[in-house]
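> Structure in structure tokens, see below.
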Amino acid sequence: MSEVKLFGAWFSPYVKRVEMALNLKGVEYEYIEEDLKNKSPLFLQYNPITKLVPVLVHNGKPIFESTVILEYIDETWEGPSIFPKDPYDRAMSRFWAKFVEDKCSDPLWKACWAAGEEREKAKKEAEEALKILENEIKGKKFFGGDNIGLVDYVANYIAFWIPLLQDVVGFHILTQDKFPNIWKWCYELCNDSFVKKNLPEKEKVSSGLKRAVETGSLY
Amino acid sequence: MAEVKVIGSWSSPYTRKVEMALKMKGVEYDYIEEDLKNKSPLLLQHNPIHKKVPVLLHNGKPIVESMVILEYIDEVWEGPAILPKDPYDRAMARFWVKFIDDKCIPPMWKACWSVGEEQEKLKEEAKQGLKFLENEIKGKKLFGGDNIGIVDHAANFIAYWFPITADFVGLQRLMTEEEFPNLYRWADDYCSHTFVKENLPDKDGYIAILKSRYRSIIIWHYLSLINYVTFLVRSPHAFPIYEYEFK
């Protein structure tokens, strides 16, 4: 029987998407909560390069970067698919996953934490990207179609964490008015019975974010 | 018969890696050179989001982002593998591709076009990334082992375009043989590989592009007169870039 370990942090969207994938495939794994202020020697031994969670360790071999891990999970274990089967659809999924990570999540996060000119710049970037994403989700329940797929996994950040962060800092870019289709998708995703079981508690995340805003430190 | 087109830019490492992948698989394709100063309706139609090259068109359907294209090519056509077969090795390859794209190439490229303290900072950042690559290539001929793989394609800028650009702008001591002997050796092995050699743009042609395409937004450096003078003294024939249009 294979041995699967996951090093993570409870509040991390990157970790949660990997846990969701493992649970989708019915993989039994040992979860190790990593204190990011005080990283364990074992963790640093497995991931000396980026030193970030999540790290999946399968039969002693470490894999890092959440999207790389998602693809590994899909290739290694049977069960419902994360990636589409058709090569063109797979290419489109990879493209949108990268777009979400680089063009949406990053500037949205930056805009919430920044101030002044930097905040305005990040806001503009985020809004331009969200307009494109708004168009992509139109008419679809999930980015993966009727079922959640890779892009939904990667955009979990936008669906769950960003709205909470926006409320905590009092700065809203992603709103129902401006982006009704994305907003609807956020609701669908967060209320999906499977996804719901794989999200952290809202209040716990909000308190953590409030603390981060007060202390200036995320961890 | 499948219709395959590549919209690209002659000097772009991203375009070249796509062409190399297609050639490795023995795929016939039409190549369309894009004038990046005056983007065609065809490019804007097929890549309206990023408006960048390369774009692969397969039976009329566009695929963009060079690494997405390489994975697509590997999945669709038979022939020498671009990615390894084993899932763990594939995961490692994908990790290194992302690492090179995110942590190595951006600071290396930006360092070529900056001066002073900013340049030193970028050089340091690039070196941090290169140290890991140095370790990864140790004992291997190519990142793909005995054959060129996706990680070698991802790092093609480091092997060929970067040394020429760095030399052109007068950037010194970023990727030296002393500090990175394994990477240096890999770069040489990669560029002298018979297949790769036939598919690289010629050095003089690339330098001519560097001279003519990137017009001086020298006002950036002019605003800080010290930077302006430093830049000109270092490389009187080079200009700061305004933007680069390939990915």
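Following the order of the structure tokens, chains are lettered A, B, ..., residues in each are numbered from 1, and ligands are numbered from 1.
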Can you list every residue of chain A that has an atom at most 8 Å from chain B, with its nearest atom pair and the distance in Å to one decimal, using only C-alpha atoms, ordered by chain then number, as CSV?


residue,atom,partner,partner_atom,distance
A:Ile49,CA,B:Phe132,CA,7.2
A:Ile63,CA,B:Ala91,CA,6.8
A:Phe64,CA,B:Phe95,CA,7.1
A:Glu65,CA,B:Phe95,CA,6.8
A:Val68,CA,B:Ala91,CA,5.8
A:Ile69,CA,B:Ala91,CA,7.1
A:Glu71,CA,B:Ala91,CA,7.6
A:Tyr72,CA,B:Ala91,CA,6.0
A:Glu75,CA,B:Pro87,CA,6.4
A:Thr76,CA,B:Pro87,CA,6.7
A:Pro87,CA,B:Tyr72,CA,6.2
A:Tyr88,CA,B:Tyr72,CA,7.1
A:Arg90,CA,B:Tyr72,CA,7.9
A:Ala91,CA,B:Val68,CA,5.8
A:Met92,CA,B:Ile63,CA,7.4
A:Arg94,CA,B:Val68,CA,6.5
A:Phe95,CA,B:Val68,CA,6.6
A:Ile132,CA,B:Ile49,CA,7.7

> From the DSSP assignment of the backbone, select every residue of region 20-73 of chain B that is strand (DSSP E), and format the answer as a list in words.

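Matching residues for strand (DSSP E) in region 20-73 of chain B are Asp30, Tyr31, Ile32, Glu33, Val55, Leu56, Leu57, His58, Lys61, Pro62, Ile63 and Val64 of chain B.
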
> Keeping only C-alpha atoms, write the selected residues to a file as a PDB file, in the first residue's frame.


ATOM      1  CA  ASP B  30       3.169  26.516 -41.732  1.00  0.00           C
ATOM      2  CA  TYR B  31       5.156  29.210 -40.037  1.00  0.00           C
ATOM      3  CA  ILE B  32       3.788  32.743 -39.920  1.00  0.00           C
ATOM      4  CA  GLU B  33       6.191  35.477 -38.835  1.00  0.00           C
ATOM      5  CA  VAL B  55       0.403  30.610 -31.020  1.00  0.00           C
ATOM      6  CA  LEU B  56      -0.100  27.067 -32.280  1.00  0.00           C
ATOM      7  CA  LEU B  57      -3.097  26.593 -34.549  1.00  0.00           C
ATOM      8  CA  HIS B  58      -4.176  22.977 -34.910  1.00  0.00           C
ATOM      9  CA  LYS B  61      -7.996  25.810 -32.841  1.00  0.00           C
ATOM     10  CA  PRO B  62      -5.484  28.048 -31.077  1.00  0.00           C
ATOM     11  CA  ILE B  63      -3.254  27.036 -28.197  1.00  0.00           C
ATOM     12  CA  VAL B  64      -1.142  29.704 -26.486  1.00  0.00           C
TER      13      VAL B  64
END

> Taking 2 positions as the minimum chain separation for residues in the same chain, which residues sit within 9 Å of Pro200 (chain A) when counting only C-alpha atoms? Answer as a ChimeraX atom specification.

/A:10-12,16,196-198,202-205

> Save the residues we just selected, C-alpha atoms, as a compact mmCIF listing (two decimals), in the first residue's frame?


# COMPACT_ATOMS: atom_id res chain seq x y z
CA TRP A 10 -4.77 24.89 7.42
CA PHE A 11 -5.52 28.34 5.99
CA SER A 12 -3.79 27.88 2.65
CA LYS A 16 -6.80 22.89 0.36
CA LYS A 196 -17.79 22.54 1.17
CA LYS A 197 -16.25 19.62 3.10
CA ASN A 198 -12.83 20.68 1.84
CA LYS A 202 -15.05 30.92 7.38
CA GLU A 203 -14.86 32.46 10.85
CA LYS A 204 -11.48 30.88 11.52
CA VAL A 205 -10.06 32.24 8.25

> Figure out the distance between CA of Gly60 (chain B) and CA of Leu44 (chain B), please, to one decimal in Å.

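Straight-line distance from CA of Leu44 (chain B) to CA of Gly60 (chain B) works out to 14.2 Å.
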
> How many Å lie between CA of Cys112 (chain A) and CA of Pro13 (chain A), rounded to one decimal?

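A separation of 16.3 Å between them.
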
> According to DSSP computed on the backbone, where in region 10-226 of chain B is there alpha helix (DSSP H)? Give the residues as a PyMOL selection string.

chain B and resi 13-24+41-46+66-76+87-99+105-112+116-137+150-154+156+162-169+181-192+194-197+203-213+219-223+225-226

> Using only C-alpha atoms, which of B:Asn182, B:Asp101, B:Thr194, B:Gly8 sits nearest Leu43 (chain B)?

B:Gly8

> If we count only C-alpha atoms and set the cut-off at 12 Å, which residues sit around Val53 (chain A), ignoring sequence neighbours fewer than 4 positions away in its own chain? Please answer as number ranges by chain.

A: 6-19, 31-36, 39-40, 43-44, 46-49, 57, 62-66, 69

> Can you tell me how far CA of Glu125 (chain B) sits from CA of Ala111 (chain B), in Å to one decimal?

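Between CA of Glu125 (chain B) and CA of Ala111 (chain B) the gap is 9.6 Å.
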